[in-house]
Amino acid sequence: MPISHAHVCARENASNEYQRLKKQNLLNPELKPRPYGGSIAIPVITGDLELEFEAIERHNPHFELEEILDNPPKKWEKLGDMVIFKQGTDTSKWNLEEVAKSLAVNRIAIQNEIDPGAMRESRLELIHGDDGWVVHRENFVEYEFDATQVMFSSGNVTERRRMGEIQTKDEIIVDAFCGIGYYTIPFLVRGLAKHVHACEINPNSITALRKGLERNGVSERCTIHEGDNKITMRDLREVADRVILGLIPSSMNAWGNAIRCLKPEGGVLHIHMNVHENEIEEWTEKTAEWFATASGKIAEILHLEVVKKYSPRIMHVVLDLRLT
Ligand SMILES: C[S@@+](CC[C@H](N)C(=O)[O-])C[C@H]1O[C@@H](n2cnc3c(N)ncnc32)[C@H](O)[C@@H]1O
C-alpha cells in the first residue's frame with residue numbers, strides 16, 4: 001500500500017478538516033482517508049507522520065461497462081459494495097459477475113418504488129450476491145443496513161451532512177422518525193450530542209440502527225424507543241433541546257408530541273414536509289404560526305432547507321424552528 005504524510009484529527013472534525021485541507025491544496029487526492037486508533041488519518045502532502053493508505057480507484061466505470069454491455073445504464077447508485085440500477089433496467093442478457101467486477105462491487109440490485117406506507121420499506125430486488133446488508137460510509141459516519149429491507153435515501157445526503165454539522169454538544173435530542181439513524185448517528189458522532197432518544201416503529205430499521213450505533217461506538221449515548229411514536233414520545237416529556245420530525249410526506253401527526261418533548265424553556269424543531277414549489281413560503285409562515293399558537297411560545301424561523309425534488313413540483317423541505 002502507498003505511504004503518505006498524514007494529518008490526524010478527531011472523527012467529529014474529519015469532514016471540516018478534509019474540506020480545509022482540500023481548499024489549501026494540502027490534500028493528497030490519490031489516497032483515501034482511514035481510521036487511525038479512534039481518530040481519522042487524512043493523507044496530505046507534507047507533515048511529520050507517515051502512514052499507509054489505500055489508493056482511490058481512478059478507473060472510469062462507464063467505459064468498462066461499455067466494453068461488456070450493449071447500451072449500458074448511464075446512472076446508478078452505490079451503497080457500500082452494492083450497485084443499484086433503476087427500476088425497469090433489463091439485465092436478462094448481462095453476465096452479472098462481470099458487471100459486478102467492472103464496477104468493483106459484490107452485489108447488484110434493482111430499485112423499485114419505496115413502499116408508500118409509513119414504514120417506508122424498501123422493495124429493492126437483489127439480483128447478484130447473497131444478502132442485502134451493506135456498510136455505507138458518508139461524511140465520516142458509517143451506516144449499516146439491509147438495503148432490501150429498509151430504505152436509504154441517497155438524495156437526502158445534504159440533509160444528513162447539514163444535521164451532522166450542527167454543534168449539538170450537551171444537547172438532548174429526540175429523533176421522532178429515526179429510521180436506521182440517518183440523523184441520529186451524525187448527531188452523536190459529529191455533533192457530539194449528549195443523548196439521542198431515537199423513536200422507530202419498523203423492527204428492521206431498529207436492527208440496522210443498533211448495528212450502526214455499535215459500529216460508530218456511540219450506543220451508550222442513544223436510547224431506542226421501539227413502537228409508534230404517538231405512544232413512545234409521551235414518555236419523553238420536557239427532555240429535549242431539539243426534536244427531529246423526519247417523515248415525508250408529512251410529520252404532522254407528531255407535531256403536538258414534539259412540542260411536549262421540548263424542555264420548558266423551549267428548543268429547536270426540524271420539521272420535514274413535502275410542499276408544492278409555489279407554496280413553500282406560505283407553508284413556512286403558517287407552520288411557524290401553528291407552532292407558536294399550539295406551544296404558547298415565540299416561534300422563530302431559523303432556516304428553510306430545500307432537500308430535494310420529491311416529484312414534479314413537489315419539494316421535500318425542512319423548516320428549522322426555534323420555540324422560546
Ligand atoms: C422516511 S423514514 C426516515 C427517513 C430519514 N429521516 C430521512 O429523511 O432519510 C421515516 C421512518 O419513520 C418511521 N415511522 C413512520 N411512522 C412512525 C411512527 N408513527 N412512529 C415511529 N416511527 C415511525 C418509519 O418506519 C421510517 O423508518
# chains A, B, ... in the order shown; residues from 1 in each chain; ligands from 1
>>> residues_around(residues="Phe63 (chain A)", least_positions_apart="2", cutoff="12 Å", atoms="only C-alpha atoms", output="VMD selection string")
chain A and resid 58 to 61 65 to 74 99 102 to 103
>>> write_last_selection(atoms="all heavy atoms", output="CSV table (one decimal), in the first residue's frame")
chain,number,residue,atom,x,y,z
A,58,ARG,N,-9.2,5.1,-9.9
A,58,ARG,CA,-9.4,6.2,-10.8
A,58,ARG,C,-10.0,5.7,-12.1
A,58,ARG,O,-10.1,6.4,-13.1
A,58,ARG,CB,-8.1,6.9,-11.1
A,58,ARG,CG,-7.6,7.7,-9.9
A,58,ARG,CD,-8.3,9.1,-9.9
A,58,ARG,NE,-7.8,9.8,-8.7
A,58,ARG,CZ,-8.7,10.5,-7.9
A,58,ARG,NH1,-9.9,10.6,-8.2
A,58,ARG,NH2,-8.2,11.1,-6.8
A,59,HIS,N,-10.4,4.4,-12.2
A,59,HIS,CA,-10.9,3.9,-13.5
A,59,HIS,C,-12.3,4.5,-13.7
A,59,HIS,O,-13.0,4.8,-12.8
A,59,HIS,CB,-10.9,2.3,-13.5
A,59,HIS,CG,-12.0,1.7,-12.7
A,59,HIS,ND1,-11.9,1.6,-11.3
A,59,HIS,CD2,-13.2,1.2,-13.1
A,59,HIS,CE1,-13.1,1.1,-10.9
A,59,HIS,NE2,-13.8,0.8,-11.9
A,60,ASN,N,-12.6,4.5,-15.0
A,60,ASN,CA,-13.9,5.1,-15.4
A,60,ASN,C,-14.9,3.9,-15.6
A,60,ASN,O,-14.8,3.2,-16.6
A,60,ASN,CB,-13.8,5.9,-16.6
A,60,ASN,CG,-15.1,6.6,-17.0
A,60,ASN,OD1,-16.2,6.1,-16.6
A,60,ASN,ND2,-15.1,7.7,-17.6
A,61,PRO,N,-15.8,3.7,-14.6
A,61,PRO,CA,-16.7,2.6,-14.7
A,61,PRO,C,-17.6,2.6,-16.0
A,61,PRO,O,-18.0,1.6,-16.5
A,61,PRO,CB,-17.5,2.6,-13.4
A,61,PRO,CG,-17.4,4.0,-12.9
A,61,PRO,CD,-16.1,4.6,-13.4
A,65,LEU,N,-18.1,-0.6,-18.4
A,65,LEU,CA,-19.5,-1.2,-18.7
A,65,LEU,C,-19.7,-1.2,-20.2
A,65,LEU,O,-20.3,-2.2,-20.7
A,65,LEU,CB,-20.6,-0.4,-18.1
A,65,LEU,CG,-21.0,-0.7,-16.6
A,65,LEU,CD1,-22.3,-0.1,-16.3
A,65,LEU,CD2,-21.1,-2.2,-16.4
A,66,GLU,N,-19.3,-0.2,-20.9
A,66,GLU,CA,-19.5,-0.1,-22.4
A,66,GLU,C,-18.8,-1.3,-23.1
A,66,GLU,O,-19.2,-1.8,-24.1
A,66,GLU,CB,-19.0,1.2,-23.0
A,66,GLU,CG,-20.0,2.2,-23.1
A,66,GLU,CD,-19.5,3.6,-23.3
A,66,GLU,OE1,-18.4,3.8,-23.9
A,66,GLU,OE2,-20.2,4.6,-22.8
A,67,GLU,N,-17.7,-1.8,-22.5
A,67,GLU,CA,-17.0,-2.9,-23.1
A,67,GLU,C,-17.7,-4.2,-23.0
A,67,GLU,O,-17.5,-5.1,-23.8
A,67,GLU,CB,-15.6,-3.0,-22.5
A,67,GLU,CG,-14.7,-1.9,-23.1
A,67,GLU,CD,-13.3,-2.0,-22.7
A,67,GLU,OE1,-12.9,-3.0,-22.1
A,67,GLU,OE2,-12.6,-1.0,-23.0
A,68,ILE,N,-18.5,-4.3,-21.9
A,68,ILE,CA,-19.2,-5.6,-21.7
A,68,ILE,C,-20.7,-5.6,-22.0
A,68,ILE,O,-21.3,-6.7,-22.0
A,68,ILE,CB,-18.9,-6.2,-20.3
A,68,ILE,CG1,-19.3,-5.2,-19.2
A,68,ILE,CG2,-17.4,-6.6,-20.2
A,68,ILE,CD1,-19.2,-5.8,-17.8
A,69,LEU,N,-21.3,-4.4,-22.1
A,69,LEU,CA,-22.8,-4.4,-22.3
A,69,LEU,C,-23.1,-3.6,-23.5
A,69,LEU,O,-22.4,-2.5,-23.8
A,69,LEU,CB,-23.4,-3.8,-21.1
A,69,LEU,CG,-23.3,-4.4,-19.8
A,69,LEU,CD1,-24.0,-3.5,-18.7
A,69,LEU,CD2,-23.9,-5.8,-19.8
A,70,ASP,N,-24.2,-4.0,-24.3
A,70,ASP,CA,-24.7,-3.1,-25.3
A,70,ASP,C,-25.6,-2.1,-24.6
A,70,ASP,O,-26.4,-2.6,-23.7
A,70,ASP,CB,-25.6,-3.9,-26.3
A,70,ASP,CG,-24.8,-4.9,-27.0
A,70,ASP,OD1,-23.6,-4.7,-27.2
A,70,ASP,OD2,-25.3,-6.0,-27.3
A,71,ASN,N,-25.6,-0.9,-24.8
A,71,ASN,CA,-26.5,0.1,-24.2
A,71,ASN,C,-26.4,0.1,-22.7
A,71,ASN,O,-27.5,-0.1,-22.0
A,71,ASN,CB,-27.9,-0.3,-24.6
A,71,ASN,CG,-28.6,0.9,-25.3
A,71,ASN,OD1,-28.1,2.0,-25.0
A,71,ASN,ND2,-29.5,0.6,-26.1
A,72,PRO,N,-25.3,0.2,-22.1
A,72,PRO,CA,-25.2,0.1,-20.6
A,72,PRO,C,-25.9,1.3,-19.9
A,72,PRO,O,-26.0,2.4,-20.5
A,72,PRO,CB,-23.7,0.2,-20.3
A,72,PRO,CG,-23.1,0.9,-21.5
A,72,PRO,CD,-24.0,0.6,-22.7
A,73,PRO,N,-26.4,1.1,-18.7
A,73,PRO,CA,-27.0,2.2,-18.0
A,73,PRO,C,-26.0,3.3,-17.8
A,73,PRO,O,-24.9,3.1,-17.6
A,73,PRO,CB,-27.4,1.6,-16.6
A,73,PRO,CG,-27.2,0.1,-16.7
A,73,PRO,CD,-26.4,-0.1,-17.9
A,74,LYS,N,-26.6,4.6,-17.8
A,74,LYS,CA,-25.7,5.7,-17.6
A,74,LYS,C,-25.6,6.1,-16.1
A,74,LYS,O,-24.7,6.8,-15.7
A,74,LYS,CB,-26.2,6.9,-18.3
A,74,LYS,CG,-26.4,6.7,-19.8
A,74,LYS,CD,-25.4,7.5,-20.6
A,74,LYS,CE,-25.5,7.3,-22.1
A,74,LYS,NZ,-25.6,5.9,-22.6
A,99,VAL,N,-20.4,-7.7,-14.6
A,99,VAL,CA,-20.8,-6.3,-14.3
A,99,VAL,C,-20.3,-5.9,-12.9
A,99,VAL,O,-19.8,-4.8,-12.7
A,99,VAL,CB,-22.4,-6.2,-14.5
A,99,VAL,CG1,-22.9,-4.8,-14.0
A,99,VAL,CG2,-22.8,-6.4,-15.9
A,102,SER,N,-16.7,-5.1,-13.0
A,102,SER,CA,-16.3,-3.9,-13.6
A,102,SER,C,-16.6,-2.6,-12.8
A,102,SER,O,-16.1,-1.6,-12.9
A,102,SER,CB,-16.9,-3.8,-15.0
A,102,SER,OG,-18.2,-3.5,-14.9
A,103,LEU,N,-17.6,-2.8,-11.9
A,103,LEU,CA,-18.0,-1.7,-11.0
A,103,LEU,C,-17.4,-1.8,-9.6
A,103,LEU,O,-17.7,-1.0,-8.7
A,103,LEU,CB,-19.5,-1.6,-10.9
A,103,LEU,CG,-20.2,-1.2,-12.2
A,103,LEU,CD1,-21.7,-1.3,-12.1
A,103,LEU,CD2,-19.8,0.1,-12.8
>>> residues_around(residues="Pro264 (chain A)", least_positions_apart="4", cutoff="12 Å", atoms="only C-alpha atoms", output="PDB file with N, CA and C atoms, in the first residue's frame")
ATOM      1  N   ARG A 237     -41.386  13.612  27.910  1.00  0.00           N
ATOM      2  CA  ARG A 237     -41.864  14.976  28.141  1.00  0.00           C
ATOM      3  C   ARG A 237     -40.772  15.880  28.696  1.00  0.00           C
ATOM      4  N   GLU A 238     -40.683  17.071  28.125  1.00  0.00           N
ATOM      5  CA  GLU A 238     -39.818  18.143  28.644  1.00  0.00           C
ATOM      6  C   GLU A 238     -38.367  17.719  28.821  1.00  0.00           C
ATOM      7  N   VAL A 239     -37.882  16.909  27.879  1.00  0.00           N
ATOM      8  CA  VAL A 239     -36.497  16.431  27.996  1.00  0.00           C
ATOM      9  C   VAL A 239     -35.578  17.032  26.934  1.00  0.00           C
ATOM     10  N   ALA A 240     -36.152  17.490  25.801  1.00  0.00           N
ATOM     11  CA  ALA A 240     -35.310  17.713  24.618  1.00  0.00           C
ATOM     12  C   ALA A 240     -34.951  19.180  24.362  1.00  0.00           C
ATOM     13  N   ASP A 241     -33.713  19.349  23.843  1.00  0.00           N
ATOM     14  CA  ASP A 241     -33.292  20.655  23.331  1.00  0.00           C
ATOM     15  C   ASP A 241     -33.657  20.770  21.853  1.00  0.00           C
ATOM     16  N   ILE A 259     -43.797  19.229  20.565  1.00  0.00           N
ATOM     17  CA  ILE A 259     -43.803  20.407  21.454  1.00  0.00           C
ATOM     18  C   ILE A 259     -43.661  19.954  22.900  1.00  0.00           C
ATOM     19  N   ARG A 260     -44.396  18.889  23.264  1.00  0.00           N
ATOM     20  CA  ARG A 260     -44.351  18.411  24.652  1.00  0.00           C
ATOM     21  C   ARG A 260     -42.984  17.809  25.003  1.00  0.00           C
ATOM     22  N   SER A 295     -47.951  25.989  21.117  1.00  0.00           N
ATOM     23  CA  SER A 295     -47.000  25.877  22.236  1.00  0.00           C
ATOM     24  C   SER A 295     -47.130  27.053  23.211  1.00  0.00           C
ATOM     25  N   GLY A 296     -47.760  28.127  22.763  1.00  0.00           N
ATOM     26  CA  GLY A 296     -47.811  29.340  23.584  1.00  0.00           C
ATOM     27  C   GLY A 296     -46.445  29.992  23.694  1.00  0.00           C
ATOM     28  N   LYS A 297     -45.582  29.728  22.743  1.00  0.00           N
ATOM     29  CA  LYS A 297     -44.225  30.287  22.768  1.00  0.00           C
ATOM     30  C   LYS A 297     -43.993  31.157  21.532  1.00  0.00           C
ATOM     31  N   LEU A 323     -38.444  27.517  19.272  1.00  0.00           N
ATOM     32  CA  LEU A 323     -39.539  27.932  20.151  1.00  0.00           C
ATOM     33  C   LEU A 323     -38.939  28.395  21.469  1.00  0.00           C
ATOM     34  N   THR A 324     -39.278  29.641  21.876  1.00  0.00           N
ATOM     35  CA  THR A 324     -38.779  30.109  23.190  1.00  0.00           C
ATOM     36  C   THR A 324     -39.893  30.789  23.962  1.00  0.00           C
TER      37      THR A 324
END
>>> residues_near_ligand(ligand="ligand 1", cutoff="6 Å", atoms="only C-alpha atoms and all ligand atoms", output="list in words")
Ala118, Met119, Arg120, Ser153, Asn156, Phe177, Cys178, Gly179, Tyr182, Cys199, Glu200, Ile201, Asn202, Ser205, Gly227, Asp228, Asn229, Gly246, Leu247 and Ile248 of chain A
>>> write_last_selection(atoms="N, CA and C atoms", output="PDB file, in the first residue's frame")
ATOM      1  N   ALA A 118     -46.218   3.961   5.976  1.00  0.00           N
ATOM      2  CA  ALA A 118     -45.471   4.775   6.943  1.00  0.00           C
ATOM      3  C   ALA A 118     -44.073   4.220   7.205  1.00  0.00           C
ATOM      4  N   MET A 119     -43.913   2.898   7.087  1.00  0.00           N
ATOM      5  CA  MET A 119     -42.585   2.341   7.415  1.00  0.00           C
ATOM      6  C   MET A 119     -41.579   2.511   6.275  1.00  0.00           C
ATOM      7  N   ARG A 120     -42.041   3.000   5.134  1.00  0.00           N
ATOM      8  CA  ARG A 120     -41.152   3.307   4.010  1.00  0.00           C
ATOM      9  C   ARG A 120     -40.238   2.124   3.704  1.00  0.00           C
ATOM     10  N   SER A 153     -32.270   6.872   1.618  1.00  0.00           N
ATOM     11  CA  SER A 153     -32.454   7.857   0.575  1.00  0.00           C
ATOM     12  C   SER A 153     -31.133   8.574   0.305  1.00  0.00           C
ATOM     13  N   ASN A 156     -31.016  12.397   0.244  1.00  0.00           N
ATOM     14  CA  ASN A 156     -31.025  13.213   1.462  1.00  0.00           C
ATOM     15  C   ASN A 156     -29.626  13.425   2.036  1.00  0.00           C
ATOM     16  N   PHE A 177     -38.587  10.047  14.034  1.00  0.00           N
ATOM     17  CA  PHE A 177     -38.730   9.046  12.965  1.00  0.00           C
ATOM     18  C   PHE A 177     -37.318   8.642  12.542  1.00  0.00           C
ATOM     19  N   CYS A 178     -36.612   7.923  13.407  1.00  0.00           N
ATOM     20  CA  CYS A 178     -35.150   7.853  13.234  1.00  0.00           C
ATOM     21  C   CYS A 178     -34.695   6.907  12.131  1.00  0.00           C
ATOM     22  N   GLY A 179     -35.565   5.980  11.677  1.00  0.00           N
ATOM     23  CA  GLY A 179     -35.127   5.044  10.637  1.00  0.00           C
ATOM     24  C   GLY A 179     -33.878   4.307  11.095  1.00  0.00           C
ATOM     25  N   TYR A 182     -30.253   7.963  10.126  1.00  0.00           N
ATOM     26  CA  TYR A 182     -29.781   8.986   9.170  1.00  0.00           C
ATOM     27  C   TYR A 182     -29.263  10.235   9.875  1.00  0.00           C
ATOM     28  N   CYS A 199     -36.803   7.265  18.110  1.00  0.00           N
ATOM     29  CA  CYS A 199     -38.110   6.587  18.044  1.00  0.00           C
ATOM     30  C   CYS A 199     -38.263   5.939  16.666  1.00  0.00           C
ATOM     31  N   GLU A 200     -38.681   4.680  16.657  1.00  0.00           N
ATOM     32  CA  GLU A 200     -38.833   3.984  15.371  1.00  0.00           C
ATOM     33  C   GLU A 200     -39.796   2.818  15.520  1.00  0.00           C
ATOM     34  N   ILE A 201     -40.621   2.640  14.480  1.00  0.00           N
ATOM     35  CA  ILE A 201     -41.676   1.616  14.529  1.00  0.00           C
ATOM     36  C   ILE A 201     -41.276   0.340  13.779  1.00  0.00           C
ATOM     37  N   ASN A 202     -40.343   0.449  12.835  1.00  0.00           N
ATOM     38  CA  ASN A 202     -40.017  -0.700  11.972  1.00  0.00           C
ATOM     39  C   ASN A 202     -38.874  -1.530  12.587  1.00  0.00           C
ATOM     40  N   SER A 205     -35.557  -1.571  10.745  1.00  0.00           N
ATOM     41  CA  SER A 205     -34.765  -0.339  10.873  1.00  0.00           C
ATOM     42  C   SER A 205     -34.058  -0.326  12.225  1.00  0.00           C
ATOM     43  N   GLY A 227     -41.560   1.287  18.627  1.00  0.00           N
ATOM     44  CA  GLY A 227     -43.020   1.333  18.532  1.00  0.00           C
ATOM     45  C   GLY A 227     -43.503   2.651  17.952  1.00  0.00           C
ATOM     46  N   ASP A 228     -44.812   2.840  17.982  1.00  0.00           N
ATOM     47  CA  ASP A 228     -45.427   4.037  17.417  1.00  0.00           C
ATOM     48  C   ASP A 228     -45.063   5.255  18.281  1.00  0.00           C
ATOM     49  N   ASN A 229     -44.537   6.291  17.653  1.00  0.00           N
ATOM     50  CA  ASN A 229     -44.110   7.452  18.453  1.00  0.00           C
ATOM     51  C   ASN A 229     -45.292   8.206  19.087  1.00  0.00           C
ATOM     52  N   GLY A 246     -38.551  13.808  10.948  1.00  0.00           N
ATOM     53  CA  GLY A 246     -38.083  13.445   9.604  1.00  0.00           C
ATOM     54  C   GLY A 246     -38.972  12.466   8.874  1.00  0.00           C
ATOM     55  N   LEU A 247     -40.244  12.820   8.701  1.00  0.00           N
ATOM     56  CA  LEU A 247     -41.127  11.935   7.925  1.00  0.00           C
ATOM     57  C   LEU A 247     -41.793  12.734   6.817  1.00  0.00           C
ATOM     58  N   ILE A 248     -41.714  12.200   5.588  1.00  0.00           N
ATOM     59  CA  ILE A 248     -42.472  12.805   4.494  1.00  0.00           C
ATOM     60  C   ILE A 248     -43.486  11.769   4.006  1.00  0.00           C
TER      61      ILE A 248
END
>>> closest_residue(among="A:Ala193, A:Ala254, A:Met273, A:Ala294", to="Val307 (chain A)", atoms="only C-alpha atoms")
A:Met273
>>> closest_atom_pairs(of="region 32-74 of chain A", to="region 134-145 of chain A", cutoff="10 Å", atoms="only C-alpha atoms", output="tab-separated table")
residue	atom	partner	partner_atom	distance
A:Pro33	CA	A:Phe140	CA	9.3
A:Arg34	CA	A:Phe140	CA	9.5
A:Pro35	CA	A:Phe140	CA	9.5
A:Ile40	CA	A:Phe140	CA	8.6
>>> residues_around(residues="region 104-111 of chain A", least_positions_apart="5", cutoff="7 Å", atoms="only C-alpha atoms", output="list in words")
Asp81, Met82, Val83, Ile84, Phe85, Lys86, Gln87, Leu124, Glu125, Leu126, Ile127, His128 and Gly129 of chain A
>>> closest_residue(among="A:Thr158, A:Asn253, A:Ser311, A:Asn204", to="His276 (chain A)", atoms="only C-alpha atoms")
A:Ser311
>>> residues_around(residues="Ser122 (chain A)", least_positions_apart="5", cutoff="10 Å", atoms="only C-alpha atoms", output="mmCIF file with N, CA and C atoms, in the first residue's frame")
data_model
loop_
_atom_site.group_PDB
_atom_site.id
_atom_site.type_symbol
_atom_site.label_atom_id
_atom_site.label_comp_id
_atom_site.auth_asym_id
_atom_site.auth_seq_id
_atom_site.Cartn_x
_atom_site.Cartn_y
_atom_site.Cartn_z
ATOM 1 N N GLN A 111 -33.720 -1.189 -8.278
ATOM 2 C CA GLN A 111 -34.576 -0.342 -7.433
ATOM 3 C C GLN A 111 -36.036 -0.518 -7.832
ATOM 4 N N ASN A 112 -36.899 -0.555 -6.864
ATOM 5 C CA ASN A 112 -38.337 -0.465 -7.125
ATOM 6 C C ASN A 112 -38.841 0.655 -6.238
ATOM 7 N N GLU A 113 -40.055 1.136 -6.525
ATOM 8 C CA GLU A 113 -40.532 2.244 -5.704
ATOM 9 C C GLU A 113 -40.596 1.842 -4.234
ATOM 10 N N ILE A 114 -40.203 2.807 -3.361
ATOM 11 C CA ILE A 114 -40.286 2.563 -1.914
ATOM 12 C C ILE A 114 -41.758 2.365 -1.552
ATOM 13 N N ASP A 115 -42.023 1.411 -0.661
ATOM 14 C CA ASP A 115 -43.385 1.202 -0.178
ATOM 15 C C ASP A 115 -43.930 2.529 0.366
ATOM 16 N N PRO A 116 -45.095 2.977 -0.137
ATOM 17 C CA PRO A 116 -45.588 4.291 0.296
ATOM 18 C C PRO A 116 -46.106 4.302 1.741
ATOM 19 N N ASP A 146 -29.779 -3.494 5.889
ATOM 20 C CA ASP A 146 -30.130 -4.410 4.813
ATOM 21 C C ASP A 146 -30.938 -3.610 3.784
ATOM 22 N N ALA A 147 -30.301 -3.307 2.680
ATOM 23 C CA ALA A 147 -30.923 -2.415 1.685
ATOM 24 C C ALA A 147 -32.172 -3.028 1.059
ATOM 25 N N THR A 148 -32.348 -4.356 1.190
ATOM 26 C CA THR A 148 -33.563 -4.966 0.636
ATOM 27 C C THR A 148 -34.728 -4.832 1.626
ATOM 28 N N GLN A 149 -34.426 -4.455 2.867
ATOM 29 C CA GLN A 149 -35.480 -4.371 3.884
ATOM 30 C C GLN A 149 -35.877 -2.934 4.214
ATOM 31 N N VAL A 150 -34.895 -2.043 4.287
ATOM 32 C CA VAL A 150 -35.200 -0.668 4.703
ATOM 33 C C VAL A 150 -34.691 0.319 3.657
ATOM 34 N N MET A 151 -35.348 1.491 3.621
ATOM 35 C CA MET A 151 -34.939 2.445 2.593
ATOM 36 C C MET A 151 -33.736 3.270 3.056
ATOM 37 N N PHE A 152 -32.927 3.641 2.107
ATOM 38 C CA PHE A 152 -31.873 4.608 2.395
ATOM 39 C C PHE A 152 -31.944 5.628 1.273
#
>>> select_by_dssp(residues="region 175-216 of chain A", states="helix (DSSP H, G or I)", output="NGL selection string")
:A and (184-189 or 203-215)
